[in-house]
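Data block below; observations after.
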Amino acid sequence: MPLSDAVCATPAASWRRYLSLTKPRIVGLMLFTALVGMFLAIDDSAMPWSRILFGLLGIGLAAGAGAVINHLLDAHIDAIMERTRHRPMPSGQIGSTGALGFALILAVSAMAILTGLVNVLTAALTFTAMIGYAVLYTAFLKRSTPQNIVWGGAAGASPPLLGAAAVTGEVTLDALLLSLIIFVWTPPHFWPLAIHRVDDYRHAKIPMLPVTHGLHFTKTQVLLYSIMLMAVALLPFVTRSAGILYLLGVIPLGLGFIWHAWRLYRGERDEHAMVTFRYSILYLFGLFALLLADHWAL
Ligand code: HEM
Ligand SMILES: CC(C)=CCC/C(C)=C/CC/C(C)=C/COP(=O)(O)OP(=O)(O)O
């Protein structure tokens, strides 16, 4: 670590480093999907604002805690990979004690808020998702199987379910459908990035699909998942939890994903991988924005 960094970090710079451990942009999109899960689960005439606000706060803090633990457990792996070696832990800007303390503060606050101000069901489900990501995915699946992100994706897919549970006190079928969409979206979201960063993962000895099964096989999987995603994304319309506006938007959005996956599949080289990765984020944001627009337009 450069000495100047250790000694001279201003409180604002230090705070920003801690914030970056929580993966704020990823958690931000998760909270948007939780919010949509909430709005779709309730009758608009009776907005439970307190459960909405405290639900989002609790889910956000728990997801942030999971991300901090992920940084803590992965610091030695992150140090090997080009994409992650500048992160605060591998670069020595934040130590294990600081990260552990920060994760504990976030996790305990999350559980106190959810148990005390939302409901026990949401607290229990959120706790399961946090442990699923921070421990099950990070410490075990990520290091042992190329299907790591398929099963690890269940934690990241949970926010709509958690959001609906926060406002209704129940696990609803409609919310499960929204989580299913994110579950199917996760592999074609992540594998293009893994293709682009295959050397990183190989050096770090992480068995991501392109490392274990090669680029062609992974591209085929991305294409197949993008087709499956198209079908699963139609389900909210089929079950009548979303209307025609959603349908008209989600079809071009899904065709766009298939188009990018097809171009990645056909490409001789992998320059289309990061385009597909970036599109996946736009896709998920667009799909949930459409659900909301459709809900309010009715
Ligand atoms: C197991 C499941 C997932 C895996 C393995 C995964 C993996 C990744 C990776 C490796 C990155 C690059 C991060 C970086 O360069 O720092 C990323 C970025 C991103 N992911 Fe995921 N992701 C998953 C689930 C999700 C979910 C569920 C969401 C949202 C609902 C999400 C939203 C995002 C966003 C918004 C970015 C861009 C972040 C930025 O630009 O800083 N991801 N993901
Ligand atoms: C309570 C709740 C909703 C929990 C969800 C927690 C959460 C933040 C999940 C995100 C999934 C994700 C970004 C995985 C990437 O980790 P990675 O280690 O493969 O990626 P990296 O190499 O960029 O660190």
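Going by the structure tokens order, chains are called A, B, ..., each with residues numbered from 1, while ligands are numbered from 1 in the order shown.
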
- Message: Residues contacting ligand 1 - anything with an atom at most 7 Å away, using only C-alpha atoms and all ligand atoms - can you give me those as a list of chain:residue names?
- Response: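 Final answer, ordered by chain and number: A:Lys23, A:Arg25, A:Ile26, A:Val27, A:Leu29, A:Met30, A:Thr33, A:Arg83, A:Thr84, A:Ile149, A:Val150, A:Gly152, A:Gly153, A:Gly156, A:Ala157, A:Ile182, A:Thr186, A:His189, A:Phe190, A:Leu193, A:Ile281.
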
- Task: Check which residues fall inside 9 Å of ligand 2 when counting only C-alpha atoms and all ligand atoms, and print them as a ChimeraX atom specification.
- Result: /A:22-24,26-27,30-31,34,58-68,70-71,74,77-78,81,83-84,125-134,137-138,142,148-149,152-159,162,186,190

Margin query: I need the residue nearest Leu292 in chain A from this list: A:Ile105, A:Leu21, A:Leu245, A:Leu114. Use only C-alpha atoms for the distance.
Written below: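 With only C-alpha atoms as the atom set, the closest residue is A:Leu245.
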
| message | Please identify the alpha helix (DSSP H) residues within range 82-201 of chain A (assignment by DSSP from backbone atoms) and present them as a VMD selection string. | response | chain A and resid 96 to 113 120 to 131 142 to 144 148 to 157 159 to 168 173 to 196 198 to 201

Just the selected residues (C-alpha atoms), exported as a PDB file, in the first residue's frame, please.
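Full text of result.pdb as output:
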ATOM      1  CA  SER A  96      -9.858  -7.514   7.573  1.00  0.00           C
ATOM      2  CA  THR A  97     -10.876  -6.115  10.975  1.00  0.00           C
ATOM      3  CA  GLY A  98     -12.315  -2.952   9.440  1.00  0.00           C
ATOM      4  CA  ALA A  99     -14.249  -4.914   6.811  1.00  0.00           C
ATOM      5  CA  LEU A 100     -15.561  -7.458   9.330  1.00  0.00           C
ATOM      6  CA  GLY A 101     -16.672  -4.712  11.722  1.00  0.00           C
ATOM      7  CA  PHE A 102     -18.381  -2.843   8.878  1.00  0.00           C
ATOM      8  CA  ALA A 103     -20.167  -6.016   7.674  1.00  0.00           C
ATOM      9  CA  LEU A 104     -21.379  -6.759  11.204  1.00  0.00           C
ATOM     10  CA  ILE A 105     -22.739  -3.227  11.681  1.00  0.00           C
ATOM     11  CA  LEU A 106     -24.613  -3.448   8.359  1.00  0.00           C
ATOM     12  CA  ALA A 107     -25.957  -6.967   8.995  1.00  0.00           C
ATOM     13  CA  VAL A 108     -27.090  -6.298  12.579  1.00  0.00           C
ATOM     14  CA  SER A 109     -28.759  -2.981  11.590  1.00  0.00           C
ATOM     15  CA  ALA A 110     -30.491  -4.749   8.687  1.00  0.00           C
ATOM     16  CA  MET A 111     -31.860  -7.518  10.898  1.00  0.00           C
ATOM     17  CA  ALA A 112     -32.929  -5.081  13.646  1.00  0.00           C
ATOM     18  CA  ILE A 113     -34.786  -2.887  11.119  1.00  0.00           C
ATOM     19  CA  VAL A 120     -40.024 -11.546  10.750  1.00  0.00           C
ATOM     20  CA  LEU A 121     -40.682 -13.332   7.437  1.00  0.00           C
ATOM     21  CA  THR A 122     -38.795 -10.648   5.481  1.00  0.00           C
ATOM     22  CA  ALA A 123     -35.977 -10.680   8.040  1.00  0.00           C
ATOM     23  CA  ALA A 124     -35.646 -14.483   7.787  1.00  0.00           C
ATOM     24  CA  LEU A 125     -35.712 -14.532   3.962  1.00  0.00           C
ATOM     25  CA  THR A 126     -33.262 -11.621   3.722  1.00  0.00           C
ATOM     26  CA  PHE A 127     -30.910 -13.301   6.200  1.00  0.00           C
ATOM     27  CA  THR A 128     -31.037 -16.489   4.082  1.00  0.00           C
ATOM     28  CA  ALA A 129     -30.213 -14.523   0.907  1.00  0.00           C
ATOM     29  CA  MET A 130     -27.349 -12.697   2.629  1.00  0.00           C
ATOM     30  CA  ILE A 131     -25.796 -15.944   3.911  1.00  0.00           C
ATOM     31  CA  LYS A 142     -17.651 -20.003  -6.501  1.00  0.00           C
ATOM     32  CA  ARG A 143     -14.572 -22.104  -5.783  1.00  0.00           C
ATOM     33  CA  SER A 144     -15.976 -25.540  -6.569  1.00  0.00           C
ATOM     34  CA  ASN A 148     -21.598 -21.514  -9.196  1.00  0.00           C
ATOM     35  CA  ILE A 149     -23.455 -18.473 -10.470  1.00  0.00           C
ATOM     36  CA  VAL A 150     -26.552 -20.440 -11.457  1.00  0.00           C
ATOM     37  CA  TRP A 151     -27.147 -21.480  -7.822  1.00  0.00           C
ATOM     38  CA  GLY A 152     -25.517 -18.392  -6.322  1.00  0.00           C
ATOM     39  CA  GLY A 153     -27.875 -16.354  -8.508  1.00  0.00           C
ATOM     40  CA  ALA A 154     -30.798 -17.372  -6.292  1.00  0.00           C
ATOM     41  CA  ALA A 155     -29.605 -14.896  -3.625  1.00  0.00           C
ATOM     42  CA  GLY A 156     -29.322 -12.052  -6.136  1.00  0.00           C
ATOM     43  CA  ALA A 157     -32.741 -12.964  -7.548  1.00  0.00           C
ATOM     44  CA  PRO A 159     -35.149  -8.900  -3.893  1.00  0.00           C
ATOM     45  CA  PRO A 160     -38.617  -8.813  -5.589  1.00  0.00           C
ATOM     46  CA  LEU A 161     -39.687 -11.652  -3.279  1.00  0.00           C
ATOM     47  CA  LEU A 162     -38.228  -9.851  -0.262  1.00  0.00           C
ATOM     48  CA  GLY A 163     -39.944  -6.619  -1.311  1.00  0.00           C
ATOM     49  CA  ALA A 164     -43.338  -8.297  -1.655  1.00  0.00           C
ATOM     50  CA  ALA A 165     -42.869 -10.100   1.671  1.00  0.00           C
ATOM     51  CA  ALA A 166     -42.075  -6.754   3.329  1.00  0.00           C
ATOM     52  CA  VAL A 167     -45.380  -5.181   2.288  1.00  0.00           C
ATOM     53  CA  THR A 168     -47.713  -8.201   2.410  1.00  0.00           C
ATOM     54  CA  LEU A 173     -46.629 -16.287  -6.571  1.00  0.00           C
ATOM     55  CA  ASP A 174     -46.390 -13.062  -8.622  1.00  0.00           C
ATOM     56  CA  ALA A 175     -43.245 -12.031  -6.739  1.00  0.00           C
ATOM     57  CA  LEU A 176     -41.766 -15.517  -7.169  1.00  0.00           C
ATOM     58  CA  LEU A 177     -42.208 -15.054 -10.930  1.00  0.00           C
ATOM     59  CA  LEU A 178     -40.228 -11.797 -10.850  1.00  0.00           C
ATOM     60  CA  SER A 179     -37.448 -13.536  -8.924  1.00  0.00           C
ATOM     61  CA  LEU A 180     -37.517 -16.357 -11.472  1.00  0.00           C
ATOM     62  CA  ILE A 181     -36.868 -13.801 -14.226  1.00  0.00           C
ATOM     63  CA  ILE A 182     -33.741 -12.545 -12.408  1.00  0.00           C
ATOM     64  CA  PHE A 183     -32.657 -16.134 -11.712  1.00  0.00           C
ATOM     65  CA  VAL A 184     -32.749 -16.979 -15.445  1.00  0.00           C
ATOM     66  CA  TRP A 185     -31.179 -13.596 -16.320  1.00  0.00           C
ATOM     67  CA  THR A 186     -28.111 -14.086 -14.084  1.00  0.00           C
ATOM     68  CA  PRO A 187     -26.128 -16.577 -16.248  1.00  0.00           C
ATOM     69  CA  PRO A 188     -26.376 -14.526 -19.486  1.00  0.00           C
ATOM     70  CA  HIS A 189     -25.595 -11.433 -17.350  1.00  0.00           C
ATOM     71  CA  PHE A 190     -22.417 -12.844 -15.862  1.00  0.00           C
ATOM     72  CA  TRP A 191     -20.959 -15.325 -18.384  1.00  0.00           C
ATOM     73  CA  PRO A 192     -20.215 -12.674 -21.068  1.00  0.00           C
ATOM     74  CA  LEU A 193     -18.096 -10.861 -18.468  1.00  0.00           C
ATOM     75  CA  ALA A 194     -16.471 -14.170 -17.496  1.00  0.00           C
ATOM     76  CA  ILE A 195     -15.648 -14.738 -21.206  1.00  0.00           C
ATOM     77  CA  HIS A 196     -14.024 -11.307 -21.377  1.00  0.00           C
ATOM     78  CA  VAL A 198     -11.356 -15.677 -18.691  1.00  0.00           C
ATOM     79  CA  ASP A 199      -7.599 -15.215 -18.142  1.00  0.00           C
ATOM     80  CA  ASP A 200      -8.257 -13.521 -14.790  1.00  0.00           C
ATOM     81  CA  TYR A 201     -10.371 -16.446 -13.602  1.00  0.00           C
TER      82      TYR A 201
END

Problem - Shortest interatomic distance to Ala9 in chain A - which of A:Leu234, A:Ile42, A:Ile94, A:Leu248, counting only C-alpha atoms - result: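 The closest residue to Ala9 in chain A is A:Ile94.
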
Checklist line | Separation of CA of Arg87 in chain A from CA of Arg16 in chain A in Å | finding: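 The value is 11.6 Å.
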
The residue from A:Ala261, A:Gly28, A:Pro210, A:Val238 with the smallest atom-to-atom distance to Arg197 in chain A, counting only C-alpha atoms, is A:Pro210

Students should find that CA of Met208 in chain A and CA of Leu72 in chain A are spaced 19.9 Å

Practice prompt. Enter the distance from CA of Leu229 in chain A to CA of Tyr283 in chain A, in Å, rounded to one decimal.
Written response: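 It comes out at 10.8 Å.
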
Arg51 in chain A environment, 6 Å, only C-alpha atoms, sequence neighbours closer than 3 positions dropped, as a VMD selection string | chain A and resid 48 54 to 55 118 167

Write the selection just made, keeping C-alpha atoms, as an mmCIF file, in the first residue's frame?
data_model
loop_
_atom_site.group_PDB
_atom_site.id
_atom_site.type_symbol
_atom_site.label_atom_id
_atom_site.label_comp_id
_atom_site.auth_asym_id
_atom_site.auth_seq_id
_atom_site.Cartn_x
_atom_site.Cartn_y
_atom_site.Cartn_z
ATOM 1 C CA PRO A 48 -47.660 1.102 3.569
ATOM 2 C CA PHE A 54 -37.744 0.311 6.152
ATOM 3 C CA GLY A 55 -38.041 -2.762 3.914
ATOM 4 C CA VAL A 118 -41.087 -4.696 8.891
ATOM 5 C CA VAL A 167 -45.380 -5.181 2.288
#

**Counting only C-alpha atoms, the residue of A:Phe257, A:Tyr18, A:Tyr246, A:Phe39 that sits nearest Leu287 in chain A** =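 Using only C-alpha atoms, Leu287 in chain A sits closest to A:Tyr246.
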